[in-house]
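What follows is the content of my_file.pdb (PDB, C-alpha atoms).
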ATOM      1  CA  MET A 499      89.073  75.811  60.232
ATOM      2  CA  VAL A 500      91.319  78.794  60.844
ATOM      3  CA  SER A 501      90.230  79.006  64.458
ATOM      4  CA  ILE A 502      91.041  75.325  65.032
ATOM      5  CA  LEU A 503      94.490  75.890  63.515
ATOM      6  CA  LYS A 504      94.997  78.939  65.700
ATOM      7  CA  ARG A 505      93.941  77.077  68.808
ATOM      8  CA  SER A 506      96.114  74.079  68.122
ATOM      9  CA  LEU A 507      99.027  76.463  67.529
ATOM     10  CA  ALA A 508      98.300  78.098  70.883
ATOM     11  CA  VAL A 509      98.178  74.730  72.639
ATOM     12  CA  ILE A 510     101.468  73.668  71.065
ATOM     13  CA  MET A 511     103.076  76.945  72.124
ATOM     14  CA  LEU A 512     101.767  76.491  75.666
ATOM     15  CA  LEU A 513     103.145  72.951  75.816
ATOM     16  CA  ILE A 514     106.542  74.120  74.606
ATOM     17  CA  ILE A 515     106.648  76.961  77.153
ATOM     18  CA  GLY A 516     105.458  74.641  79.923
ATOM     19  CA  TYR A 517     108.096  72.028  79.077
ATOM     20  CA  TRP A 518     110.769  74.725  79.020
ATOM     21  CA  LEU A 519     109.700  76.135  82.398
ATOM     22  CA  ALA A 520     109.538  72.650  83.933
ATOM     23  CA  GLN A 521     113.012  71.878  82.623
ATOM     24  CA  GLY A 522     114.345  75.107  84.076
ATOM     25  CA  LEU A 523     112.690  74.692  87.458
ATOM     26  CA  SER A 524     113.610  71.027  87.870
ATOM     27  CA  GLY A 525     117.255  71.975  88.347
ATOM     28  CA  ILE A 526     116.571  74.228  91.317
ATOM     29  CA  PRO A 527     117.052  72.459  94.668
ATOM     30  CA  PHE A 528     113.864  73.514  96.456
ATOM     31  CA  GLY A 529     113.893  73.203 100.218
ATOM     32  CA  GLN A 530     117.634  72.636 100.480
ATOM     33  CA  ASP A 531     119.915  74.730 102.591
ATOM     34  CA  LYS A 532     122.057  76.478 100.024
ATOM     35  CA  MET A 533     121.234  80.138 100.603
ATOM     36  CA  LEU A 534     124.224  82.014 101.994
ATOM     37  CA  VAL A 535     122.183  85.144 102.800
ATOM     38  CA  GLY A 536     119.564  83.095 104.640
ATOM     39  CA  LYS A 537     122.278  81.326 106.607
ATOM     40  CA  TYR A 538     123.809  84.668 107.590
ATOM     41  CA  TYR A 539     120.426  85.936 108.787
ATOM     42  CA  LEU A 540     119.710  82.783 110.795
ATOM     43  CA  ASP A 541     123.129  82.835 112.448
ATOM     44  CA  ASN A 542     123.145  86.516 113.388
ATOM     45  CA  VAL A 543     119.496  87.441 113.837
ATOM     46  CA  ILE A 544     119.336  87.283 117.648
ATOM     47  CA  ARG A 545     122.619  89.082 118.204
ATOM     48  CA  GLN A 546     121.967  91.805 115.649
ATOM     49  CA  THR A 547     118.266  92.474 116.087
ATOM     50  CA  GLY A 548     117.103  90.737 119.263
ATOM     51  CA  ALA A 549     114.144  89.120 117.530
ATOM     52  CA  ILE A 550     113.292  85.416 117.809
ATOM     53  CA  ASN A 551     111.209  85.462 114.652
ATOM     54  CA  ALA A 552     113.719  85.769 111.826
ATOM     55  CA  VAL A 553     111.054  86.595 109.221
ATOM     56  CA  THR A 554     109.948  89.827 110.876
ATOM     57  CA  ALA A 555     113.578  90.694 111.663
ATOM     58  CA  VAL A 556     114.326  90.531 107.938
ATOM     59  CA  VAL A 557     111.171  92.435 106.999
ATOM     60  CA  VAL A 558     111.518  95.286 109.483
ATOM     61  CA  ASN A 559     115.204  95.436 110.341
ATOM     62  CA  TYR A 560     117.378  94.195 107.477
ATOM     63  CA  ARG A 561     114.901  95.198 104.772
ATOM     64  CA  GLY A 562     113.191  98.056 106.578
ATOM     65  CA  PHE A 563     113.327 100.425 103.639
ATOM     66  CA  ASP A 564     111.335  97.992 101.472
ATOM     67  CA  THR A 565     108.684  97.851 104.175
ATOM     68  CA  LEU A 566     108.446 101.639 104.161
ATOM     69  CA  GLY A 567     107.870 101.413 100.408
ATOM     70  CA  GLU A 568     105.208  98.764 100.940
ATOM     71  CA  VAL A 569     103.374 100.983 103.424
ATOM     72  CA  THR A 570     103.574 103.825 100.910
ATOM     73  CA  VAL A 571     102.080 101.612  98.186
ATOM     74  CA  LEU A 572      99.170 100.735 100.461
ATOM     75  CA  PHE A 573      98.671 104.426 101.255
ATOM     76  CA  ILE A 574      98.588 105.278  97.539
ATOM     77  CA  ALA A 575      96.061 102.472  96.917
ATOM     78  CA  SER A 576      93.799 103.782  99.668
ATOM     79  CA  THR A 577      94.107 107.341  98.352
ATOM     80  CA  GLY A 578      93.274 106.092  94.870
ATOM     81  CA  VAL A 579      90.109 104.366  96.072
ATOM     82  CA  GLY A 580      89.085 107.529  97.887
ATOM     83  CA  ALA A 581      89.758 109.702  94.838
ATOM     84  CA  LEU A 582      87.946 107.399  92.396
ATOM     85  CA  LEU A 583      84.827 107.166  94.528
ATOM     86  CA  TRP A 584      84.786 110.801  95.558
ATOM     87  CA  ALA A 585      81.456 112.584  95.694
ATOM     88  CA  LYS A 586      80.197 115.669  97.462
ATOM     89  CA  ARG A 587      77.803 113.861  99.721
ATOM     90  CA  ARG A 588      77.806 110.153 100.336
ATOM     91  CA  GLU A 589      75.815 108.004 102.702
ATOM     92  CA  ARG A 590      75.258 104.391 103.417
ATOM     93  CA  THR A 591      72.246 103.184 101.475
ATOM     94  CA  ALA A 592      71.949  99.631 102.741
ATOM     95  CA  LYS A 593      68.339  98.720 103.454
ATOM     96  CA  THR A 594      68.342  95.328 105.131
ATOM     97  CA  GLU A 595      69.842  94.814 108.545
ATOM     98  CA  GLY A 596      71.826  91.686 109.235
ATOM     99  CA  SER A 597      70.004  88.742 110.730
ATOM    100  CA  ILE A 598      69.788  88.334 114.500
ATOM    101  CA  VAL A 599      72.440  85.609 114.440
ATOM    102  CA  LEU A 600      74.881  87.836 112.555
ATOM    103  CA  LYS A 601      74.238  90.853 114.788
ATOM    104  CA  THR A 602      74.551  88.989 118.073
ATOM    105  CA  GLY A 603      77.610  87.086 116.929
ATOM    106  CA  ILE A 604      79.343  90.206 115.699
ATOM    107  CA  ARG A 605      78.541  92.146 118.868
ATOM    108  CA  LEU A 606      80.234  89.321 120.761
ATOM    109  CA  LEU A 607      83.161  88.786 118.384
ATOM    110  CA  THR A 608      84.307  92.275 117.353
ATOM    111  CA  PRO A 609      86.331  93.116 120.505
ATOM    112  CA  PHE A 610      88.051  89.758 120.362
ATOM    113  CA  VAL A 611      88.912  90.118 116.677
ATOM    114  CA  ILE A 612      90.432  93.551 117.351
ATOM    115  CA  LEU A 613      92.286  92.154 120.378
ATOM    116  CA  PHE A 614      93.649  89.289 118.273
ATOM    117  CA  GLY A 615      94.839  91.709 115.589
ATOM    118  CA  ALA A 616      96.620  93.779 118.245
ATOM    119  CA  TYR A 617      98.157  90.593 119.650
ATOM    120  CA  ILE A 618      99.469  89.663 116.195
ATOM    121  CA  PHE A 619     101.242  92.947 115.609
ATOM    122  CA  ILE A 620     102.528  93.470 119.163
ATOM    123  CA  HIS A 621     104.085  89.992 119.218
ATOM    124  CA  GLY A 622     105.523  90.338 115.702
ATOM    125  CA  HIS A 623     109.105  89.739 116.848
ATOM    126  CA  LEU A 624     108.210  86.536 118.757
ATOM    127  CA  THR A 625     105.434  84.696 116.921
ATOM    128  CA  PRO A 626     104.446  84.484 113.251
ATOM    129  CA  GLY A 627     102.592  87.536 112.101
ATOM    130  CA  GLY A 628     103.415  91.181 112.142
ATOM    131  CA  GLY A 629     101.919  94.505 111.190
ATOM    132  CA  PHE A 630     100.259  93.601 107.913
ATOM    133  CA  PRO A 631      98.297  90.500 109.074
ATOM    134  CA  GLY A 632      97.395  92.251 112.337
ATOM    135  CA  GLY A 633      96.125  95.340 110.545
ATOM    136  CA  ALA A 634      94.141  93.234 108.071
ATOM    137  CA  THR A 635      92.554  91.322 110.973
ATOM    138  CA  ILE A 636      91.501  94.598 112.594
ATOM    139  CA  ALA A 637      90.030  95.742 109.283
ATOM    140  CA  THR A 638      87.969  92.530 109.053
ATOM    141  CA  ALA A 639      86.433  93.448 112.435
ATOM    142  CA  PHE A 640      85.207  96.740 110.961
ATOM    143  CA  LEU A 641      84.023  94.882 107.842
ATOM    144  CA  LEU A 642      81.903  92.648 110.098
ATOM    145  CA  LEU A 643      80.414  95.730 111.786
ATOM    146  CA  TYR A 644      79.578  97.226 108.391
ATOM    147  CA  MET A 645      77.900  93.998 107.316
ATOM    148  CA  ALA A 646      75.745  93.682 110.419
ATOM    149  CA  TYR A 647      74.493  97.234 110.965
ATOM    150  CA  THR A 648      73.031  99.467 108.278
ATOM    151  CA  MET A 649      73.761 102.683 110.147
ATOM    152  CA  TYR A 650      77.306 101.952 111.308
ATOM    153  CA  GLU A 651      80.107 104.195 110.066
ATOM    154  CA  ILE A 652      83.673 104.418 111.273
ATOM    155  CA  PRO A 653      84.764 107.706 112.905
ATOM    156  CA  ARG A 654      86.270 108.861 109.639
ATOM    157  CA  ARG A 655      88.107 111.982 110.745
ATOM    158  CA  ALA A 656      89.778 110.185 113.677
ATOM    159  CA  PHE A 657      90.805 107.245 111.478
ATOM    160  CA  GLU A 658      92.363 109.505 108.837
ATOM    161  CA  ASN A 659      94.301 111.423 111.483
ATOM    162  CA  THR A 660      95.493 108.207 113.131
ATOM    163  CA  GLU A 661      96.654 106.902 109.768
ATOM    164  CA  GLY A 662      98.622 110.056 109.036
ATOM    165  CA  VAL A 663     100.221 110.164 112.486
ATOM    166  CA  ALA A 664     101.195 106.472 112.226
ATOM    167  CA  GLY A 665     102.768 106.943 108.805
ATOM    168  CA  MET A 666     104.708 109.966 110.002
ATOM    169  CA  SER A 667     105.934 108.265 113.157
ATOM    170  CA  TYR A 668     107.420 105.427 111.083
ATOM    171  CA  VAL A 669     109.520 107.995 109.235
ATOM    172  CA  ILE A 670     110.333 109.765 112.519
ATOM    173  CA  VAL A 671     111.592 106.514 114.111
ATOM    174  CA  ALA A 672     113.732 105.970 111.018
ATOM    175  CA  LEU A 673     115.051 109.554 111.140
ATOM    176  CA  ILE A 674     116.014 109.193 114.827
ATOM    177  CA  GLY A 675     118.077 106.211 113.670
ATOM    178  CA  LEU A 676     119.681 108.455 111.043
ATOM    179  CA  ALA A 677     120.553 111.020 113.708
ATOM    180  CA  ILE A 678     121.981 108.481 116.192
ATOM    181  CA  GLY A 679     123.535 105.739 114.099
ATOM    182  CA  GLY A 680     124.294 107.409 110.820
ATOM    183  CA  TYR A 681     121.885 105.629 108.477
ATOM    184  CA  PHE A 682     118.170 105.592 107.804
ATOM    185  CA  LEU A 683     116.259 102.956 109.825
ATOM    186  CA  PHE A 684     119.193 102.316 112.181
ATOM    187  CA  ASP A 685     117.946 100.162 115.071
ATOM    188  CA  TRP A 686     118.754 102.653 117.829
ATOM    189  CA  ILE A 687     116.706 100.950 120.552
ATOM    190  CA  TRP A 688     118.680  97.720 120.229
ATOM    191  CA  GLN A 689     122.120  98.788 119.058
ATOM    192  CA  THR A 690     122.603 102.032 121.000
ATOM    193  CA  TRP A 691     120.440 101.665 124.077
ATOM    194  CA  HIS A 692     120.833  97.856 124.327
ATOM    195  CA  PHE A 693     117.249  97.791 125.534
ATOM    196  CA  GLY A 694     116.110  94.289 126.505
ATOM    197  CA  VAL A 695     119.390  92.473 125.943
ATOM    198  CA  ASN A 696     118.750  90.157 128.883
ATOM    199  CA  ASN A 697     115.150  89.782 127.871
ATOM    200  CA  VAL A 698     115.370  88.084 124.463
ATOM    201  CA  GLY A 699     112.302  85.964 123.794
ATOM    202  CA  ARG A 700     109.997  88.114 125.891
ATOM    203  CA  ILE A 701     107.852  90.972 124.725
ATOM    204  CA  LEU A 702     110.149  93.822 125.819
ATOM    205  CA  SER A 703     112.940  93.038 123.382
ATOM    206  CA  GLY A 704     113.592  93.056 119.688
ATOM    207  CA  GLY A 705     114.768  96.641 119.362
ATOM    208  CA  PHE A 706     112.413  98.788 117.303
ATOM    209  CA  ILE A 707     110.616  95.852 115.666
ATOM    210  CA  PRO A 708     107.589  95.907 118.042
ATOM    211  CA  VAL A 709     107.458  99.712 117.859
ATOM    212  CA  ILE A 710     107.461  99.794 114.060
ATOM    213  CA  TYR A 711     105.089  96.858 113.801
ATOM    214  CA  THR A 712     102.620  98.541 116.151
ATOM    215  CA  ILE A 713     102.786 101.636 113.934
ATOM    216  CA  ILE A 714     102.329  99.558 110.766
ATOM    217  CA  GLY A 715      99.466  97.576 112.310
ATOM    218  CA  ILE A 716      97.561 100.720 113.260
ATOM    219  CA  LYS A 717      98.227 102.253 109.849
ATOM    220  CA  VAL A 718      97.182  99.184 107.846
ATOM    221  CA  GLY A 719      94.086  98.634 110.000
ATOM    222  CA  THR A 720      92.808 102.188 109.639
ATOM    223  CA  GLU A 721      93.699 102.275 105.937
ATOM    224  CA  LEU A 722      91.875  99.053 105.009
ATOM    225  CA  SER A 723      88.880 100.121 107.118
ATOM    226  CA  GLY A 724      88.904 103.386 105.171
ATOM    227  CA  ILE A 725      88.877 101.448 101.872
ATOM    228  CA  ILE A 726      85.873  99.407 103.076
ATOM    229  CA  ASP A 727      84.131 102.611 104.178
ATOM    230  CA  ASN A 728      84.787 104.217 100.781
ATOM    231  CA  MET A 729      83.435 101.182  98.956
ATOM    232  CA  LEU A 730      80.251 101.004 101.007
ATOM    233  CA  ARG A 731      79.079 104.611 100.980
ATOM    234  CA  GLU A 732      77.206 105.599  97.883
ATOM    235  CA  GLU A 733      76.561 108.948  96.362
ATOM    236  CA  VAL A 734      73.354 110.676  97.355
ATOM    237  CA  ARG A 735      71.819 113.147  94.918
ATOM    238  CA  GLU A 736      69.501 115.785  96.239
TER     239      GLU A 736
ATOM    240  CA  MET B1099     101.938  57.190 101.371
ATOM    241  CA  ASN B1100     102.104  59.870 103.990
ATOM    242  CA  CYS B1101      98.627  61.131 104.691
ATOM    243  CA  LEU B1102      99.626  64.803 105.049
ATOM    244  CA  VAL B1103     100.820  64.681 101.459
ATOM    245  CA  CYS B1104      97.420  63.234 100.425
ATOM    246  CA  ILE B1105      95.673  66.173 102.129
ATOM    247  CA  GLU B1106      97.958  68.612 100.325
ATOM    248  CA  TYR B1107      97.125  67.032  96.960
ATOM    249  CA  ILE B1108      93.395  67.147  97.783
ATOM    250  CA  LEU B1109      93.708  70.845  98.724
ATOM    251  CA  ILE B1110      95.541  71.637  95.479
ATOM    252  CA  GLY B1111      92.826  69.796  93.542
ATOM    253  CA  VAL B1112      90.057  71.738  95.256
ATOM    254  CA  MET B1113      91.954  74.984  94.620
ATOM    255  CA  ILE B1114      92.221  74.271  90.894
ATOM    256  CA  LEU B1115      88.559  73.251  90.796
ATOM    257  CA  SER B1116      87.389  76.461  92.496
ATOM    258  CA  ALA B1117      89.629  78.533  90.223
ATOM    259  CA  ILE B1118      87.986  76.963  87.153
ATOM    260  CA  PHE B1119      84.565  77.570  88.708
ATOM    261  CA  ALA B1120      85.464  81.198  89.473
ATOM    262  CA  VAL B1121      86.208  81.746  85.793
ATOM    263  CA  GLU B1122      83.352  79.714  84.375
ATOM    264  CA  TRP B1123      80.351  80.560  86.555
ATOM    265  CA  ARG B1124      78.035  83.062  84.861
ATOM    266  CA  ASP B1125      76.775  84.419  88.197
ATOM    267  CA  LEU B1126      79.306  87.056  89.259
ATOM    268  CA  LEU B1127      78.489  86.694  92.959
ATOM    269  CA  ALA B1128      79.210  82.976  92.799
ATOM    270  CA  ALA B1129      82.414  83.683  90.881
ATOM    271  CA  ALA B1130      83.575  86.077  93.631
ATOM    272  CA  VAL B1131      82.882  83.398  96.229
ATOM    273  CA  GLY B1132      84.850  80.900  94.143
ATOM    274  CA  MET B1133      87.775  83.319  94.033
ATOM    275  CA  ALA B1134      87.638  83.712  97.811
ATOM    276  CA  ALA B1135      87.587  79.918  98.139
ATOM    277  CA  VAL B1136      90.846  79.696  96.179
ATOM    278  CA  SER B1137      92.433  82.060  98.728
ATOM    279  CA  LEU B1138      90.994  80.132 101.662
ATOM    280  CA  PHE B1139      92.393  76.793 100.494
ATOM    281  CA  ALA B1140      95.690  78.483  99.627
ATOM    282  CA  SER B1141      95.898  79.766 103.198
ATOM    283  CA  ILE B1142      95.314  76.262 104.601
ATOM    284  CA  LEU B1143      98.041  75.038 102.257
ATOM    285  CA  TYR B1144     100.424  77.761 103.482
ATOM    286  CA  LEU B1145      99.745  76.645 107.051
ATOM    287  CA  MET B1146     100.605  73.063 106.138
ATOM    288  CA  LEU B1147     103.785  74.244 104.406
ATOM    289  CA  GLN B1148     104.798  75.890 107.718
ATOM    290  CA  ALA B1149     104.341  79.515 106.720
ATOM    291  CA  PRO B1150     101.734  80.606 109.299
ATOM    292  CA  ASP B1151     102.336  84.333 108.818
ATOM    293  CA  VAL B1152     101.639  84.103 105.098
ATOM    294  CA  ALA B1153      98.592  81.964 105.907
ATOM    295  CA  MET B1154      97.215  84.653 108.207
ATOM    296  CA  THR B1155      97.724  87.404 105.636
ATOM    297  CA  GLU B1156      96.198  85.286 102.871
ATOM    298  CA  ALA B1157      93.135  84.435 104.970
ATOM    299  CA  ALA B1158      92.543  88.035 106.040
ATOM    300  CA  ILE B1159      93.316  89.800 102.739
ATOM    301  CA  GLY B1160      92.587  87.171 100.096
ATOM    302  CA  ALA B1161      89.557  85.441 101.529
ATOM    303  CA  ALA B1162      87.886  88.152 103.606
ATOM    304  CA  LEU B1163      88.774  91.652 102.403
ATOM    305  CA  SER B1164      89.222  91.211  98.656
ATOM    306  CA  GLY B1165      86.163  88.965  98.474
ATOM    307  CA  ALA B1166      84.173  91.628 100.287
ATOM    308  CA  VAL B1167      85.486  94.363  97.983
ATOM    309  CA  PHE B1168      84.489  92.305  94.910
ATOM    310  CA  ILE B1169      81.018  91.715  96.350
ATOM    311  CA  PHE B1170      80.569  95.443  97.079
ATOM    312  CA  ALA B1171      81.629  96.254  93.514
ATOM    313  CA  ILE B1172      79.133  93.705  92.142
ATOM    314  CA  LYS B1173      76.429  95.207  94.350
ATOM    315  CA  ARG B1174      77.030  98.617  92.773
ATOM    316  CA  THR B1175      76.571  97.285  89.239
ATOM    317  CA  GLN B1176      73.228  96.293  87.770
ATOM    318  CA  ARG B1177      72.321  92.719  87.300
ATOM    319  CA  PHE B1178      70.709  91.401  84.175
ATOM    320  CA  GLU B1179      70.621  88.116  82.357
ATOM    321  CA  SER B1180      70.680  88.127  78.590
ATOM    322  CA  GLU B1181      68.974  85.334  76.736
ATOM    323  CA  GLU B1182      71.852  84.640  74.392
ATOM    324  CA  GLU B1183      72.410  81.242  72.858
ATOM    325  CA  GLU B1184      73.799  78.542  75.099
ATOM    326  CA  ARG B1185      77.580  78.693  75.083
ATOM    327  CA  PRO B1186      79.409  75.393  75.008
ATOM    328  CA  GLY B1187      81.267  74.426  78.174
ATOM    329  CA  TRP B1188      84.935  75.122  78.759
ATOM    330  CA  TRP B1189      85.872  71.531  77.869
ATOM    331  CA  ILE B1190      84.739  72.147  74.289
ATOM    332  CA  ARG B1191      85.408  75.842  73.962
ATOM    333  CA  TRP B1192      88.881  76.339  75.380
TER     334      TRP B1192
END
Here is a file; write its structure as structure tokens.
Amino acid sequence: MVSILKRSLAVIMLLIIGYWLAQGLSGIPFGQDKMLVGKYYLDNVIRQTGAINAVTAVVVNYRGFDTLGEVTVLFIASTGVGALLWAKRRERTAKTEGSIVLKTGIRLLTPFVILFGAYIFIHGHLTPGGGFPGGATIATAFLLLYMAYTMYEIPRRAFENTEGVAGMSYVIVALIGLAIGGYFLFDWIWQTWHFGVNNVGRILSGGFIPVIYTIIGIKVGTELSGIIDNMLREEVRE
Amino acid sequence: MNCLVCIEYILIGVMILSAIFAVEWRDLLAAAVGMAAVSLFASILYLMLQAPDVAMTEAAIGAALSGAVFIFAIKRTQRFESEEEERPGWWIRW
């Protein structure tokens, strides 16, 4: 009896909260053009950043510091996975190989998946995408390799070094901006060098957006591959 | 009625259905697959709502990588079925 009372009370509370939220949200004009900040970005994005794709211009250029924080969060997550699953000696213990269809398909597909991921992050300032989707696509290629072959392991040392170098070069690009333009993450390639001003809409434009997105793509790809590698190797006791 | 809108409603329905299945299935492997299916349909929905970059991230992270991580975690745990009494379905239990 008590539980039925409790449950009906919970349902009534949920209905009240749902009605309240629906009332609040119904007043918001979704999909209408009322955002002043968004209008400013859309009007000035090509002149100020040289990127066609306004989304990546906002993510890397106007809000570059947030993206640095995001990369740091991902780095901490990967470090946490590595620390939680740490053991003195770990090996892959998978017994069954993938089927012949899986192995042949993956041998054929892996280079193209990696190429597509690189395409996504190199063309971040022109087409939808950017460093995070590109890096995740590259990591799925390594996931496919891990699923197909029982003996496959990524070159761990090289991946960790690449990840560190990529993370540092993001900060170095930002610090060069500090030295030239006076603030952190100043777009020195576009605003000081005027590199690619006559080239807007082609790949050699967009200021430091392609540079930073290449760095982020490499970093995210190696980091997520490292997480997969950490999850798949199990502790071996002698 | 515009047919694209019908497809969006169908996708939302399938998403809600797979979310309920992901919670209710007793088999953890099937529940992980149901969770990945939610992400997959969400990514198709993002594509139809003209956010292709979000769709790409959702498909790669939500459907592929996090599903794989859940499956690896399930593989590391042991699997046993307890013969407890039959629980009533979610439509009675809520």
Legend entry - Point-to-point distance from CA of Gly1160 (chain B) to CA of Ser1137 (chain B), Å rounded to tenths: 5.3 Å
Inset, instruction - Using all atoms listed in the file, select each residue of chain B with any atom at most 9 Å away from an atom of chain A, and give the selection as a PyMOL selection string. - result: chain B and resi 1149-1152+1154-1159+1162-1163+1166-1167+1170-1171+1174+1192
Inset, instruction - Have a look at CA of Ala1161 (chain B) and CA of Leu1138 (chain B) and let me know their distance in Å, one decimal. - result: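 CA of Leu1138 (chain B) lies 5.5 Å from CA of Ala1161 (chain B).
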Inset, instruction - Find the residues around Ala1140 (chain B) up to 9 Å (all atoms listed in the file counted), leave out those fewer than 5 positions away in its own chain, and share them as a list in words. - result: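 Non-adjacent residues within range: Leu1109, Ile1110, Met1113, Ala1135, Leu1145, Ala1153, Glu1156 and Ala1157 of chain B.
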Inset, instruction - Write out as a list of chain:residue names the residues lying within 9 Å of Val671 (chain A), counting all atoms listed in the file and excluding same-chain residues fewer than 6 positions away. - result: A:Leu683, A:Phe684, A:Trp686, A:Phe706, A:Val709, A:Ile710
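With the shown file loaded, the PyMOL selection byres ((chain A and resi 608) around 9) picks out Gly603, Ile604, Arg605, Leu606, Leu607, Pro609, Phe610, Val611, Ile612, Leu613, Ile636, Ala639, Phe640, Leu642 and Leu643 of chain A.
We find CA of Glu1106 (chain B) and CA of Arg1124 (chain B) to be spaced 29.1 Å apart.
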Inset, instruction - Using all atoms listed in the file, pick whichever of A:Pro653, A:Gly662, A:Gly578, A:Gly675 has the shortest atom-to-atom distance to Gly562 (chain A). - result: A:Gly675
Just so the selection is clear, what residues does the PyMOL selection byres ((chain A and resi 717) around 10) cover here, as a PDB file with C-alpha atoms, in the frame of the given file?
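Contents of selection.pdb, freshly written:
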ATOM      1  CA  VAL A 569     103.374 100.983 103.424  1.00  0.00           C
ATOM      2  CA  LEU A 572      99.170 100.735 100.461  1.00  0.00           C
ATOM      3  CA  PHE A 573      98.671 104.426 101.255  1.00  0.00           C
ATOM      4  CA  GLY A 629     101.919  94.505 111.190  1.00  0.00           C
ATOM      5  CA  PHE A 630     100.259  93.601 107.913  1.00  0.00           C
ATOM      6  CA  GLY A 633      96.125  95.340 110.545  1.00  0.00           C
ATOM      7  CA  PHE A 657      90.805 107.245 111.478  1.00  0.00           C
ATOM      8  CA  GLU A 658      92.363 109.505 108.837  1.00  0.00           C
ATOM      9  CA  THR A 660      95.493 108.207 113.131  1.00  0.00           C
ATOM     10  CA  GLU A 661      96.654 106.902 109.768  1.00  0.00           C
ATOM     11  CA  GLY A 662      98.622 110.056 109.036  1.00  0.00           C
ATOM     12  CA  VAL A 663     100.221 110.164 112.486  1.00  0.00           C
ATOM     13  CA  ALA A 664     101.195 106.472 112.226  1.00  0.00           C
ATOM     14  CA  GLY A 665     102.768 106.943 108.805  1.00  0.00           C
ATOM     15  CA  TYR A 668     107.420 105.427 111.083  1.00  0.00           C
ATOM     16  CA  TYR A 711     105.089  96.858 113.801  1.00  0.00           C
ATOM     17  CA  THR A 712     102.620  98.541 116.151  1.00  0.00           C
ATOM     18  CA  ILE A 713     102.786 101.636 113.934  1.00  0.00           C
ATOM     19  CA  ILE A 714     102.329  99.558 110.766  1.00  0.00           C
ATOM     20  CA  GLY A 715      99.466  97.576 112.310  1.00  0.00           C
ATOM     21  CA  ILE A 716      97.561 100.720 113.260  1.00  0.00           C
ATOM     22  CA  VAL A 718      97.182  99.184 107.846  1.00  0.00           C
ATOM     23  CA  GLY A 719      94.086  98.634 110.000  1.00  0.00           C
ATOM     24  CA  THR A 720      92.808 102.188 109.639  1.00  0.00           C
ATOM     25  CA  GLU A 721      93.699 102.275 105.937  1.00  0.00           C
ATOM     26  CA  LEU A 722      91.875  99.053 105.009  1.00  0.00           C
ATOM     27  CA  SER A 723      88.880 100.121 107.118  1.00  0.00           C
TER      28      SER A 723
END
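Taking all atoms listed in the file into account, Thr547 (chain A) lies nearest to A:His623 out of the set A:Arg654, A:Arg735, A:Arg700, A:His623.
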Legend entry - Shortest interatomic distance to Ile1108 (chain B) - which of B:Lys1173, B:Ala1120, B:Gln1148, B:Leu1143, counting all atoms listed in the file: B:Leu1143
Taking all listed atoms of region 571-586 of chain A, build the axis-aligned box, pad each of the six sides by 4 Å, then write its centre and edge lengths in Å to one decimal as lines of an AutoDock Vina configuration file.
center_x = 91.1
center_y = 108.2
center_z = 96.8
size_x = 29.9
size_y = 22.9
size_z = 16.9
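Using only C-alpha atoms, the shortest contact distance between Tyr650 (chain A) and any of A:Leu513, A:Ala585, A:Ala592, A:Val535 is found at A:Ala592.
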Inset, instruction - Write out as a ChimeraX atom specification the residues lying within 7 Å of Ala1130 (chain B), counting all atoms listed in the file and excluding same-chain residues fewer than 5 positions away. - result: /B:1120,1165,1168-1169
Inset, instruction - Write out as a ChimeraX atom specification which residues come within 10 Å of Phe563 (chain A) when counting only C-alpha atoms, dropping same-chain ones fewer than 4 positions away. - result: /A:557-559,567-569,672,682-683
Legend entry - Residue among A:Met649, A:Ala575, A:Ala616, A:Ala549 lying closest to Arg731 (chain A), counting all atoms listed in the file: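 Of all the options, A:Met649 lies closest to Arg731 (chain A).
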Inset, instruction - Apply the PyMOL selection byres ((chain A and resi 734) around 8) to the displayed file and report the matching residues as a list in words. - result: Arg587, Arg588, Glu589, Glu732, Glu733, Arg735 and Glu736 of chain A
